[in-house]
Structure formats: C-alpha cells, structure tokens
Amino acid sequence: MRPSDCALLYLEDEIIVALDTAQTLEDMGFAEVRLVHNLRRARSEAEAKLPDCALLDVNIAGEGLSIEFGQGLMARGIPVVFASGYNRHEMEAEHAGLVFVEKPLSAAAIADAFDRAGLAPGAHGQGG
Amino acid sequence: MPQDGDVTAAESDSAAREGSAPLIIGVGASAGGLEAFQTLLSHLPERHDLALVLVQHLDPDHESLLPELLSKRTHTPVQSITDGMEVRPGNIYLIPPGSSLTLEGDRLRLQAFDSPRGLRRPIDRFLVSLAQSAGANATGIILSGTGSDGAVGVKAIKEAGGLVFVQDPKQAKYDGMPRSALATGAVDLVLPSSEMVDVLNDYYNRRSGIEPSIRNDAEFIERVAKHVRYRTGHDFSHYKEGTFLRRLAVRMSVLGIDTPAAYLKELIDNKAEAGRLFRDLLINVTAFFRDHEAFEALRENVIPKIVQSRDRDEEIRVWVPGCSTGQEAYSIAMLMADEARRVDAGPRIAVFGTDIDDDALRVARRGVYPNAIAEEVPAEYLERYFRPTPGGYEVAPTLRDIVRFSNQSIVKDPPFSKIDLVSCRNVTIYFDQVLQDLAIRVFHYALREDGFLFIGPSENPPVLQRYFTDFVAGARIFRRRAGPARPLNLPNIGVPTITPVGQRDAMASEFQQRSYEQALLDHHVPPYIVLNLSNEVIYASDGAARYLAVKPGATKTGVLHLIRPELEGVARRLVNLAPERGERSEREYQGEIDGKPVRLVLTLERLEDDTTLLVLRDYLDLRDDRPGHGEADDGGITDYVRDLEEQLDGARQTIRTTVEELETSNEELKSSNEEMMSMNEELQSANEELSTINEELQNKVAELNEVNSDLSNFIHSTRIPTVFLDEDLRLRSFTPEAQTVFRFVEQDKGRRIDDIGADIDLPTVVRLSQEVLATGQAQEAELQTADGRAEMVLRVLPYRTESAPVAGVVFTLTDVTELRAGAREIEHQRAQAQKNLAEIEELYRVSPQAMALIDRDMRFLRVNRRMAEIDGVSIDEHFGRTVADVMPRLGDQMAPPVREVFERGEPVLDRRISGHTEAHPEQERVWEVDWYPIMEHGAVRAVGVNVRDVTHQADMSRELQRVMKELQHRVKNMLSNVLALVNRARREATTDVEVFETLAKRIEALANTHKLLTTANWGAARIRDILEPELSAVYGADRVRLRGPDLLLNARATLSVGMAIHELATNAAKYGAFSNAGGTVALSWSRLDEGEGEIVRMVWEEGGGPEVSGQGRQGFGSQLIVSTIEGGLEGRVEMDWRREGLRCTIEFDYDLARENLLDVSADAAE
C-alpha cells in the first residue's frame, strides 16, 4: 500500500504540533489524515472506520499511554508508528516490535519510520 | 657402742632365752631399698614366727609411702613403729621418718637423731641394739644402699652370735652398703634378696637341733679344734667352749649341715671352711677409744708418766696384742703423740699392733675408716691425726708412722720386750683359764720394770694379782710388779757386765795417790798384781815384774797370758776358783824361776770394787813352816788333779753362762726380728702405697699436661680479650687478643695492671677487681674505649683455686659496639613498626571503607567495624570463618576475585557486586570492591579487600537518568511545538517565505543535534555523527567529502560545531558550492599541537560553485558561526573568501571539547 492510498489515523494531544504535523502528513501525500486529540476519540474513530495506517503520540495527557491501543491496531495488520519525545532507541529497546519516531517530527523521519513499520517506500518522497 | 663385757653378757643371756624369744630380723637398706624390701617380703609365707624390723634411710621432711607400698606385697601385717611398741612374731615393723630406732628388751624405742643429717647411721644403731638385746636370736640383713651404714651393726650381731645376710652386690641396685658389710668379714651368707626368707627359716629350724647335739660331744669339738690348728696354725682348743659351740652351730646351720660327722667331712674336704670358722671365732668389735672412761684414766694417769720418764732421744714402746683392725692401737698412739706434743720435747714413740688375723691387719695397715668414726674420735684428734677421704677418714702420716702392725700370736710367738705399756682389751675373754694365765705371764715378761698393763673389764685371770698391782682400779690399769720376769719357756738371765775399756786408766790412777803409800807399796810389800773382773792385769807392782813375761804374738792383758809360764798353772787354779767378795784363797808354788829355786805363795783376794788382788810372796826360807809341805810331791799331783777338776767345773760354768747369754740374746734378736718383720711389712705396704701414689701422680701429670695443652690452645685461639690477675692485681696471664686493648707484652707478667697502659678505663677495672677480691662475687660493667669508638662489656670473675676461694681475678672484655648499635636500630625499627601498626589499626578502625584481610583458605584474618556492619556479624565472629560462611549470599561474588589475586598477584579494582547481606536482608545493596594482594617474601600472603557501599550512588544515578529522560522528552515536545508554530507561519506566509524556511531549518538542525546528544545522555557525540546529517544526508554523499579521525566531542562542542556547520551549509546552499549543480564541499579535521596545547582544526573548503566576487557578506549566519565558536567554545574562526569558494578554518581547544566527556562508545557505536 502506498501513502497516497492510505487513510492515516493521527493521534496527538498537543494541538499546535498536531495541526502542523497533520499539514506535513498531507504534504507527504497521505490520502486522508484523520486527526484526533485523545485516545477515546481515537478508539471510536478506529471503531467507526479502521484506518490504513496510524501515527500515535505515546503520552496522551490525562489518558496515559497509547501503546496498548496501537498494538491493538497492529494486531489487525495496520502499520503503526509511535511518536515520542523519548530517545527512539531506548523506546524501541523497551517495547520490542514497535516502531518509534522521535519528536520533533520531520517528514523525512516520519517517512523513514513508516518504512520500518512496513508501509511501502517512495510514495511520500516529495514531502521531505 | 656396747660397753665392754656386754658381749659375753649378751651371749649368756641369749643362750637362756633361746627358743622362746622371738627371732628378730633387722633389715637395713637405703637407695634402691624399696625394690629389695619388696622382693624380700614377697617370699614370706602366709604364717611365720619372724619379726622383721625394716630400717630405711628416709627423708625426715616427707611422710613415707613405704607402709602402703610394702603391705601390698605380703600378708604379714606391716606396722609403722611408735615409741615403746612391743616386737611380736609374725609382724613387720617399719621405721618412721626422722627418728632413730633402737631395741630395748622386746620394745622398740624411737628417739630424735642426735647427729646432723648426713652423719646419721640408723641401721648401725638399730643393729647394735638388736645384737645387745637379742644376742644369738638376732639376724641382720643388709640390702641395697650407698655408703657404709650397717657395717658396724653386722659386726655387733656377728659378735653376739647372730646371723648376718647381705644382698648379693651384683643384684643390689646400689652395692655400697652390701660391700661395706662384706668388708667387715662378719657376713655369713651373700644371697639374692629373694632367697633370704627361705634360707632364714631353714637356718633357724636347723640351729635349734644342732646346738644340743654337739654341746656334749667333746670329741667332736676337739677334732674341729685340731683341724683348725692344722689349717691355720692357731689352737682354739683353749677358747671358751660356749663361744666355740655357738660359732660352730652357726657355721653348720649356714652350710645346711645337721650332724657333726658331716661338718667334720666338710672341714676336711673344704680347706676354706677352717678359715671361715677361724674368722668367725676371731670376730671382735673394736672401736676408737672403746670405753671412753677407761681411756680417759689412761690419758690422765699413765701416759704423762711414761712420756715424762723418757728423754728426747729415748723410745717409748707400746704393745697392743690382738689389735684386730687397729682402732685400739691408733687410739693409744694418739694419746701418746698428743702428750708428747704437749710437753714439746717428747721421746720417740713406737706402738706395735699385733694380731693373728691377716685380714684385720690389712685393714689396720690401710688406716682408712668410715665416717662413723667421727662419733668415736674426739674432734680435735680427728682433725689432727686424720685426713678426710671420700668415704671416710684416713689415718694421717704423723700417726701412721708411730704404729706398726705385724702378725704375731700372744700365746705362740715370742713376745716383744722392754715394753712400757701393754694394752690388751677383750682379747683374752675368749681364752680359757690356761691361756689367760699364759697371756698374763707373757705381758709380765714383755713389760719393763714398772711397765703398765691396760686390759678389759671382764678379763680377770687369778694370776693377775701375782704379777701386777692395781694402778687405777676402776679403769683396769695395772702396774708390773718389780722383779725379774719368770721364764716363759725360756730362761731369762741378767745381762753380763762388761767394763768398758776406757775405765781402766781411771782405775789405775787411783793407785798412785799418796807418796808414803807409794813408797810402802814399791819397797816394803810383796809383789802384787791387780786384776779386773775379766782377770786382766790393770796394775802390777815393781816387784811383780819378775813374775810377768810378755809372750810373743799379740799382746793380751789377761793375767794368765802375762804371768810367767811356770806360775801359769797355779794362777789358773786360783783364778778359776774365784773367791767370793772379801774372801781369800792361797796357792803355793815350789820350783825354779830363771834357774833359781823359789817357793812362792800366791794369794788371790776379791776386793769390794770387784777387782782382784794377786799377791806373790817368796817364802823360800820359810819352806818347812808351810802346811802341806810334806805333801809336796804326791800332794802336788793330787792337788793338780783336783785343780783340773775344779778348772773343768769352771769351764762348764762358763759354757753354761755363755749359752744362756746366747739364748737370751737370741730371744732378743727374735723380738727384734719380729719388729723388723713388722717394719718390713710396713715398708712394703708403704712402698706399695708409694707406687700407687706414683702411678696416680703420673696419671695426674699426664692429665694435667693434657689440660694444660687444652688450656693453652684455648687461650691462643679465643678471640675474647681475657686477663688473669693475682691477689695483688698483678698480671698473671692473658690471651693474645687482650693485647688489642691493653698494651702489654709477655715481660709485663708480674706487673700491676694499673702500671700498664690500656685503651680502656683502667680505674674501673681495678675497682671492680678489688670488689671481686673482697666479695668473691662476679662483677660486670660497661666501658668505652678511650677514643669512644667502641663499647665493651667488662666481666670480672673470681679466680678460684683449691686452696683459696679467691686467689685473684679473671676478666674478659667483649666488644659490644655492633651489638648495641644493632639493638638500638632494632628498637628504633620496632618503635616505628609499632607506630605504623597503630596508624594502620586506627585507619582500619575509623575508615569509612569496609576493609578485610582474607587468607588463602578464604578465612577472615582481619576486618574492621564497617565491614562487620555490612556483614551484620561482629568483628570477633569473623575470625577464622570463611567468606562463604560469613556472607553466604555474596560468597559467589567475593571468592573468585580473591582466588584471582592469589593466582596472579595483581589487584582487582572497582568491581561491583550486589546482593543481600545479613545486615540488610530486605534490600539489595551494591558495593564497589577492590581486592589487592598483601605480599610477603614475593608471595601473596593474603588478600586485602576494600568495600565501598555504592547503593546510594547507584540509586541517585538511576534517578538522574530518569529526570534527564523526562527533561529531554519535554525539551523535544517544546521544540516540536516551536517548530510546528514556525511551520504554520511559513505555510501561511505570503512574503518572506524564505525567512521562515531558514528558521525552520535552523530549528530542525538544532533539534537534530539535540537528539544526537540525548542519545548519549548529553555526554558526547562522534564528530562524524554531527556532520553527516547536516551535509551528506541533505546534499548527497557525492557532493560532500568528510575526512578526519574519529573524535568524541562533549555536549558544548557538539552544539557549537553542529550550529556552525549548519550555517556554513545553509550559506553554501544559497550562494556557494551547493547553490549550483556541480559544487562540492570538502570538510577535513585533525588533532594537532602547535605548541599551545592540543587543538582540533576543522577546514571547510568549497569548490565548483559560482565564482565568489569580493568579500563575502557578514550576514547573520557568519555572525552565528563566529559567536558560537569563539564565544561558546573559546575557539577561533577564519573565513577566506577565495574566488573558487569559501575556505573556513575553525580551531578550538581539544581539552575543552572533551571536558566532562562520558564514554559513549557503546551507545554511539550504532
């Protein structure tokens, strides 16, 4: 699957970062960016319509970690990238099998992460 | 000592008691006695009638264990003696310690000793009292022991008719006492102690049967006496029968012989038996001054009389017949010698001791007596006339020279003569009446007129009073009655008087006294001749000359030789018929003299002065008036015959007298011969002694030579300065080494020590030497040599010789300089070590580090308080326990490094271990531990352990990491927000889009660098990791060439370098090498040192970009580069705007770029 065909679920509780990143994701060529700001919405959004891929901020203020939710999506075969201010290597060492991208996000880093998460490369190349 | 006469009393007494009285056996022993006692007693039958009294030398200060030890060996009751205890058959009695034991009747008496320790003779004392009390029922047994106690006692027992056994010296542990007893000759049997009891029982059984059987067998006794006479030459047939029988019975019992016939057979078969019996018969107890009172009387009343009656050059002669072992003879000799010494001008003294017992004489001649004589001889005599020897006392030469011993029988051999004193005590008591009388006559014969006789109290033969008068009655001293000695079996005739030749002239001169007498004699009296007793002419008157004629040949003065031959016959008859004193006899001669007829009347008159007057008168004219004239012819012949007969009678008389004289002198010669024999004996033994002494001396000389040579070698080899001084501190001798300290030479010997120079403090040497001389105590002092370079120890010791306790001093000098220095050094080291140890101990005690010392077996050698706290076990409980034992949960981590240190000898440092201990079982602790070797002699002796508890630091470090991570997270979120806002603004901007673009890129670059650093916890980053994301990743690897060593930079340098390179790249993208299609950038860096410390130099070189025209712009980018490097990193930046492109050189201090650098090699390597 290519990003241009993807409906992406983007969970980010920081509004400003969420808006900018959503723009970046759209610039990267994702067909649909469904932005949610909390886990509850993310769950319901995912219930309503399963996305093709997901970018989830790990620490959601007031609700805790999005890891479990992300793993649920992954269990359904959906590529998931977790965003975190923590050191990417540490996080990946701590949570084996998950793909992390370190904040602040850039198009290149996001593309690289989705590559590692199993999304076909190249589709979002012009966004960098 | 028993009194004289007790012996006989005891014998008769005991004879009466025999059979009913208990048989008392006195057993004496000393060293080695216990074993002998035990053997003896273990052979006692269960029931018996013997009473054994054991006398042992016991330590008076200790209770004896003897009763207990002995009662284990026998069924017979063992009694410890108390005073007054009655002796009963079938018992064993033991002497208690510290007491003297005697037997009085049948009771045992205890007394305190009256002689000092060492001189006590309890065995002698008891045996003597036993002999007195029990007589023939007494038995003495001498067992193992040293010394001679018991020797006197066994003799007393033997004398009383008892029995004496001695332990075989070969079996005895110590043979001194058995041998001493044997030497007395009073021993019946020598046996091993185990056989004694059996022999004893056998003996008593037999003896009770023998005595009655032989008592009335006169023939048997006579035959025995005859045989003894045959073997020994001594006749005992006149000895007292009782004594003889008793001794005989003992011999038979000892030999196990029951019948007289068997004993006779033994006597005949066994030559030695006669000798044995002879010895037994002669047994005689003798002692010095035996019966002191009698000797005292002798000393007071007799000795001075004899001594004073003699001049210095005369001789006193004393005879001691039956002297046995010599004590009596020596006693009298001492009294005589002492008196002679007292009057200062004593005559010579000769004491003749005679006996028939050669063995006893041998003892007497040796003159060596046991210590016991100290009780008998007064101390002053002992000191004057005896010399101490190891075993007792020896008669001193002064006394020995006085006394002569010889073998002589009183009753058989001719006696001595001209004796002043005969002392014969307790000899004749064994004689019967006949012999006793003979002995008295012999003494009378031997003594001078007024000589003295000293005899024993029980010797009182009836004839005594006939020959002797009482002198001191109580003391049995008698004086010879005056008068010639009765011939014994030889005539005793007075010595003929021979006038010495010298007296003749004196007699002749008497006849020429007065002139008228002379005239009368010369002219008016008939011729006369004066003769002496030998009928020699001592004077002839004028007229007598014609009747005298000198005959040819040797002139003799006898009248019969000088008178004319014609008158010789008449004169001979006259002379031979010598008239009594005052009487006259006449003879007539008729014949011719010189051819003239003469008629001579010869008158012979014996005068008062024993001279004889021969008067010749010429009666030619009176011829017919003479009576007997008519018988002239016939009568002449008859007369002549008668004269001849008378002459014959005279000759016979002369011969008899001569024979008697000869016999007398023969007797004298015999006596003298005896004396000579005595003296010869003496000389021979003296000779033997001298040879012995000579031999000894030769050995001594050889020994001395050897010792001398040893000593001389020692003196020459010793390295110790040694000096010998005499009493006056004169140099006697010195070792060669002494010359290093003293300046003496061999010639200085004999000079005073303080006259001779020395390198040491001489006054001290002299002072100490004098102290040693005064006190006899060794002295010691330390000296320094004059130059103060050496320290010496001076030791002064007394020089002792046998004669003087301190005859000088010996001193040695020992150089102790090095020793003292060494000692001081050691002391210093020791103090230092002590101090170090104390410091270490204190360090151990107060150190916040836990410390321990562990040995090869993993045992704790030492721990401090902190260590104990960590382990939760007290300090003391650590010692000797192993690591695994004390800290079971950490042992696995602790032990391997210990082994490693022991194996490799190198420390293991800073290793962390963690786990639980007894002190904190609930919490895991973390420690940092050092293990280091404690070396000793190149090997690891132990392993020291330092333990630091870093649990808290570890916790802190973890917490810090957590906080840092959180902070990074927040910083990144913040950067995300800022970047998002800038992006938002850029997206919405219609103008200045580029500005936003640049801003966003800068923030991104900053964020990237930041990310890089957070990876390493803000510690460090690799330079290549900083550069690549900014350059190669953005502009393509084909346009960027990076070259330089792998360097690690700290956070500050990383941020600065990252920012500078971003600006350079941004600038190149806008105006430089990255702004067209073909431009390239070469970035190289290196570490170098140009003399101001190490620096890092980075060179940025652009090429292939648009041509640069003139000076580049000083935009914000350039400012940022300069301020971040020069301001932030204290470095330098140089921009060179060349035509082909910008060249920028950045330099900064290498050390500054590495401050607080953390090792990120592990993480950053990815």
# chains A, B, ... in the order shown; residues from 1 in each chain; ligands from 1
>>> closest_atom_pairs(of="chain B", to="chain A", cutoff="7 Å", atoms="only C-alpha atoms", output="Markdown table")
| residue | atom | partner | partner_atom | distance |
| --- | --- | --- | --- | --- |
| B:Lys965 | CA | A:Tyr86 | CA | 6.6 |
| B:Gln968 | CA | A:Tyr86 | CA | 6.8 |
| B:His969 | CA | A:Gly85 | CA | 4.1 |
| B:Arg970 | CA | A:Gly85 | CA | 6.8 |
| B:Lys972 | CA | A:Gly85 | CA | 5.4 |
| B:Asn973 | CA | A:Gly85 | CA | 6.0 |
| B:Leu975 | CA | A:Pro104 | CA | 6.2 |
| B:Ser976 | CA | A:Pro104 | CA | 4.1 |
| B:Asn977 | CA | A:Val17 | CA | 5.2 |
| B:Ala980 | CA | A:Asp20 | CA | 5.0 |
| B:Leu981 | CA | A:Ile16 | CA | 6.7 |
| B:Asn983 | CA | A:Asp20 | CA | 6.5 |
| B:Arg984 | CA | A:Asp20 | CA | 6.0 |
| B:Thr1014 | CA | A:Asn87 | CA | 6.9 |
| B:Thr1015 | CA | A:Asn87 | CA | 6.3 |
>>> residues_around(residues="stretch 218-235 of chain B", least_positions_apart="6", cutoff="10 Å", atoms="only C-alpha atoms", output="ChimeraX atom specification")
/B:241,244-245,248,260-261,263-264,267-268,271-278,356,409,411-412
>>> select_by_dssp(residues="stretch 296-369 of chain B", states="strand (DSSP E or B)", output="PyMOL selection string")
chain B and resi 315-321+348-355+368-369
>>> write_last_selection(atoms="N, CA and C atoms", output="PDB file, in the first residue's frame")
ATOM      1  N   GLU B 315     113.058 -44.030 123.601  1.00  0.00           N
ATOM      2  CA  GLU B 315     111.888 -44.527 122.884  1.00  0.00           C
ATOM      3  C   GLU B 315     110.864 -45.068 123.866  1.00  0.00           C
ATOM      4  N   ILE B 316     109.608 -44.769 123.577  1.00  0.00           N
ATOM      5  CA  ILE B 316     108.511 -45.366 124.343  1.00  0.00           C
ATOM      6  C   ILE B 316     107.983 -46.520 123.512  1.00  0.00           C
ATOM      7  N   ARG B 317     107.803 -47.668 124.154  1.00  0.00           N
ATOM      8  CA  ARG B 317     107.338 -48.826 123.403  1.00  0.00           C
ATOM      9  C   ARG B 317     106.006 -49.291 123.962  1.00  0.00           C
ATOM     10  N   VAL B 318     105.020 -49.387 123.062  1.00  0.00           N
ATOM     11  CA  VAL B 318     103.690 -49.833 123.470  1.00  0.00           C
ATOM     12  C   VAL B 318     103.333 -51.059 122.649  1.00  0.00           C
ATOM     13  N   TRP B 319     102.730 -52.024 123.291  1.00  0.00           N
ATOM     14  CA  TRP B 319     102.344 -53.242 122.559  1.00  0.00           C
ATOM     15  C   TRP B 319     100.840 -53.411 122.684  1.00  0.00           C
ATOM     16  N   VAL B 320     100.176 -53.589 121.543  1.00  0.00           N
ATOM     17  CA  VAL B 320      98.733 -53.824 121.541  1.00  0.00           C
ATOM     18  C   VAL B 320      98.486 -55.188 120.905  1.00  0.00           C
ATOM     19  N   PRO B 321      98.518 -56.251 121.715  1.00  0.00           N
ATOM     20  CA  PRO B 321      98.259 -57.568 121.143  1.00  0.00           C
ATOM     21  C   PRO B 321      96.767 -57.720 120.863  1.00  0.00           C
ATOM     22  N   ARG B 348     110.724 -40.591 121.228  1.00  0.00           N
ATOM     23  CA  ARG B 348     110.129 -41.305 120.105  1.00  0.00           C
ATOM     24  C   ARG B 348     109.094 -42.275 120.615  1.00  0.00           C
ATOM     25  N   ILE B 349     108.074 -42.554 119.813  1.00  0.00           N
ATOM     26  CA  ILE B 349     107.011 -43.453 120.258  1.00  0.00           C
ATOM     27  C   ILE B 349     106.888 -44.581 119.244  1.00  0.00           C
ATOM     28  N   ALA B 350     106.791 -45.808 119.755  1.00  0.00           N
ATOM     29  CA  ALA B 350     106.544 -46.932 118.860  1.00  0.00           C
ATOM     30  C   ALA B 350     105.404 -47.748 119.441  1.00  0.00           C
ATOM     31  N   VAL B 351     104.372 -47.916 118.647  1.00  0.00           N
ATOM     32  CA  VAL B 351     103.245 -48.733 119.082  1.00  0.00           C
ATOM     33  C   VAL B 351     103.212 -49.960 118.193  1.00  0.00           C
ATOM     34  N   PHE B 352     103.286 -51.146 118.784  1.00  0.00           N
ATOM     35  CA  PHE B 352     103.243 -52.372 117.999  1.00  0.00           C
ATOM     36  C   PHE B 352     101.864 -52.972 118.111  1.00  0.00           C
ATOM     37  N   GLY B 353     101.191 -53.088 116.975  1.00  0.00           N
ATOM     38  CA  GLY B 353      99.885 -53.743 116.975  1.00  0.00           C
ATOM     39  C   GLY B 353     100.068 -55.129 116.388  1.00  0.00           C
ATOM     40  N   THR B 354      99.629 -56.141 117.126  1.00  0.00           N
ATOM     41  CA  THR B 354      99.784 -57.499 116.593  1.00  0.00           C
ATOM     42  C   THR B 354      98.454 -58.215 116.640  1.00  0.00           C
ATOM     43  N   ASP B 355      98.291 -59.134 115.692  1.00  0.00           N
ATOM     44  CA  ASP B 355      97.077 -59.943 115.661  1.00  0.00           C
ATOM     45  C   ASP B 355      97.394 -61.163 114.819  1.00  0.00           C
ATOM     46  N   VAL B 368      92.165 -46.755 106.838  1.00  0.00           N
ATOM     47  CA  VAL B 368      91.027 -45.991 106.296  1.00  0.00           C
ATOM     48  C   VAL B 368      89.760 -46.471 106.999  1.00  0.00           C
ATOM     49  N   TYR B 369      89.040 -45.540 107.599  1.00  0.00           N
ATOM     50  CA  TYR B 369      87.863 -45.898 108.386  1.00  0.00           C
ATOM     51  C   TYR B 369      86.656 -45.112 107.908  1.00  0.00           C
TER      52      TYR B 369
END
>>> residues_around(residues="stretch 58-75 of chain A", least_positions_apart="5", cutoff="8 Å", atoms="only C-alpha atoms", output="ChimeraX atom specification")
/A:12-13,38-39,43,80,82-84
>>> write_last_selection(atoms="C-alpha atoms", output="CSV table (one decimal), in the first residue's frame")
chain,number,residue,atom,x,y,z
A,12,GLU,CA,-1.7,14.0,19.1
A,13,ASP,CA,-2.9,15.8,22.2
A,38,ASN,CA,-7.4,11.9,22.6
A,39,LEU,CA,-7.5,8.1,23.0
A,43,ARG,CA,-10.7,4.4,19.6
A,80,VAL,CA,1.6,1.8,13.3
A,82,PHE,CA,4.6,5.7,17.7
A,83,ALA,CA,5.8,9.3,18.3
A,84,SER,CA,7.6,10.2,21.5
>>> select_by_dssp(residues="chain A", states="alpha helix (DSSP H)", output="PyMOL selection string")
chain A and resi 15-28+39-48+67-75+88-94+107-117
>>> residues_around(residues="B:Glu1102", least_positions_apart="6", cutoff="6 Å", atoms="only C-alpha atoms", output="number ranges by chain")
B: 1073, 1080-1081, 1141-1142
>>> write_last_selection(atoms="all heavy atoms", output="JSON list (two decimals), in the first residue's frame")
[["chain", "number", "residue", "atom", "x", "y", "z"],
["B", 1073, "ALA", "N", 28.85, 26.52, -2.91],
["B", 1073, "ALA", "CA", 29.06, 25.29, -3.64],
["B", 1073, "ALA", "C", 27.77, 24.47, -3.82],
["B", 1073, "ALA", "O", 27.66, 23.70, -4.75],
["B", 1073, "ALA", "CB", 30.09, 24.45, -2.92],
["B", 1080, "THR", "N", 31.12, 21.28, -4.82],
["B", 1080, "THR", "CA", 31.39, 20.28, -3.76],
["B", 1080, "THR", "C", 31.98, 20.97, -2.53],
["B", 1080, "THR", "O", 32.56, 22.05, -2.60],
["B", 1080, "THR", "CB", 32.39, 19.23, -4.22],
["B", 1080, "THR", "OG1", 33.60, 19.87, -4.60],
["B", 1080, "THR", "CG2", 31.85, 18.36, -5.33],
["B", 1081, "VAL", "N", 31.83, 20.30, -1.44],
["B", 1081, "VAL", "CA", 32.45, 20.78, -0.19],
["B", 1081, "VAL", "C", 33.37, 19.68, 0.37],
["B", 1081, "VAL", "O", 32.97, 18.52, 0.43],
["B", 1081, "VAL", "CB", 31.40, 21.14, 0.87],
["B", 1081, "VAL", "CG1", 32.07, 21.43, 2.23],
["B", 1081, "VAL", "CG2", 30.58, 22.31, 0.41],
["B", 1141, "GLY", "N", 35.82, 29.57, -4.02],
["B", 1141, "GLY", "CA", 34.84, 29.20, -2.98],
["B", 1141, "GLY", "C", 35.37, 29.56, -1.60],
["B", 1141, "GLY", "O", 36.53, 29.88, -1.42],
["B", 1142, "LEU", "N", 34.45, 29.48, -0.65],
["B", 1142, "LEU", "CA", 34.80, 29.85, 0.73],
["B", 1142, "LEU", "C", 35.71, 28.78, 1.37],
["B", 1142, "LEU", "O", 35.53, 27.59, 1.21],
["B", 1142, "LEU", "CB", 33.51, 29.99, 1.57],
["B", 1142, "LEU", "CG", 33.69, 30.17, 3.05],
["B", 1142, "LEU", "CD1", 34.35, 31.53, 3.40],
["B", 1142, "LEU", "CD2", 32.35, 30.06, 3.77]]
>>> residues_around(residues="B:Thr722", least_positions_apart="3", cutoff="8 Å", atoms="only C-alpha atoms", output="number ranges by chain")
B: 734-735, 737-738, 810-813
>>> write_last_selection(atoms="N, CA, C and O atoms", output="PDB file, in the first residue's frame")
ATOM      1  N   PHE B 734      97.450 -13.675  80.082  1.00  0.00           N
ATOM      2  CA  PHE B 734      96.445 -13.004  79.256  1.00  0.00           C
ATOM      3  C   PHE B 734      96.367 -13.697  77.910  1.00  0.00           C
ATOM      4  O   PHE B 734      97.302 -14.406  77.503  1.00  0.00           O
ATOM      5  N   THR B 735      95.261 -13.520  77.225  1.00  0.00           N
ATOM      6  CA  THR B 735      95.125 -14.090  75.896  1.00  0.00           C
ATOM      7  C   THR B 735      95.688 -13.082  74.894  1.00  0.00           C
ATOM      8  O   THR B 735      95.686 -11.879  75.160  1.00  0.00           O
ATOM      9  N   GLU B 737      94.556 -11.876  72.377  1.00  0.00           N
ATOM     10  CA  GLU B 737      93.564 -10.897  71.964  1.00  0.00           C
ATOM     11  C   GLU B 737      93.532  -9.682  72.910  1.00  0.00           C
ATOM     12  O   GLU B 737      93.161  -8.590  72.519  1.00  0.00           O
ATOM     13  N   ALA B 738      93.924  -9.929  74.169  1.00  0.00           N
ATOM     14  CA  ALA B 738      93.887  -8.858  75.159  1.00  0.00           C
ATOM     15  C   ALA B 738      94.831  -7.725  74.777  1.00  0.00           C
ATOM     16  O   ALA B 738      94.682  -6.598  75.225  1.00  0.00           O
ATOM     17  N   VAL B 810      89.775 -12.993  87.091  1.00  0.00           N
ATOM     18  CA  VAL B 810      89.866 -13.162  85.644  1.00  0.00           C
ATOM     19  C   VAL B 810      88.891 -12.166  85.068  1.00  0.00           C
ATOM     20  O   VAL B 810      87.756 -12.092  85.528  1.00  0.00           O
ATOM     21  N   PHE B 811      89.325 -11.377  84.127  1.00  0.00           N
ATOM     22  CA  PHE B 811      88.294 -10.568  83.495  1.00  0.00           C
ATOM     23  C   PHE B 811      88.352 -10.658  81.981  1.00  0.00           C
ATOM     24  O   PHE B 811      89.390 -10.925  81.393  1.00  0.00           O
ATOM     25  N   THR B 812      87.162 -10.523  81.394  1.00  0.00           N
ATOM     26  CA  THR B 812      87.054 -10.587  79.948  1.00  0.00           C
ATOM     27  C   THR B 812      86.430  -9.295  79.462  1.00  0.00           C
ATOM     28  O   THR B 812      85.688  -8.637  80.178  1.00  0.00           O
ATOM     29  N   LEU B 813      86.776  -8.950  78.237  1.00  0.00           N
ATOM     30  CA  LEU B 813      86.188  -7.770  77.620  1.00  0.00           C
ATOM     31  C   LEU B 813      85.497  -8.208  76.343  1.00  0.00           C
ATOM     32  O   LEU B 813      86.077  -8.937  75.540  1.00  0.00           O
TER      33      LEU B 813
END
>>> residues_around(residues="B:Pro526", least_positions_apart="4", cutoff="12 Å", atoms="only C-alpha atoms", output="ChimeraX atom specification")
/B:520-522,540-547,600-603,613-619
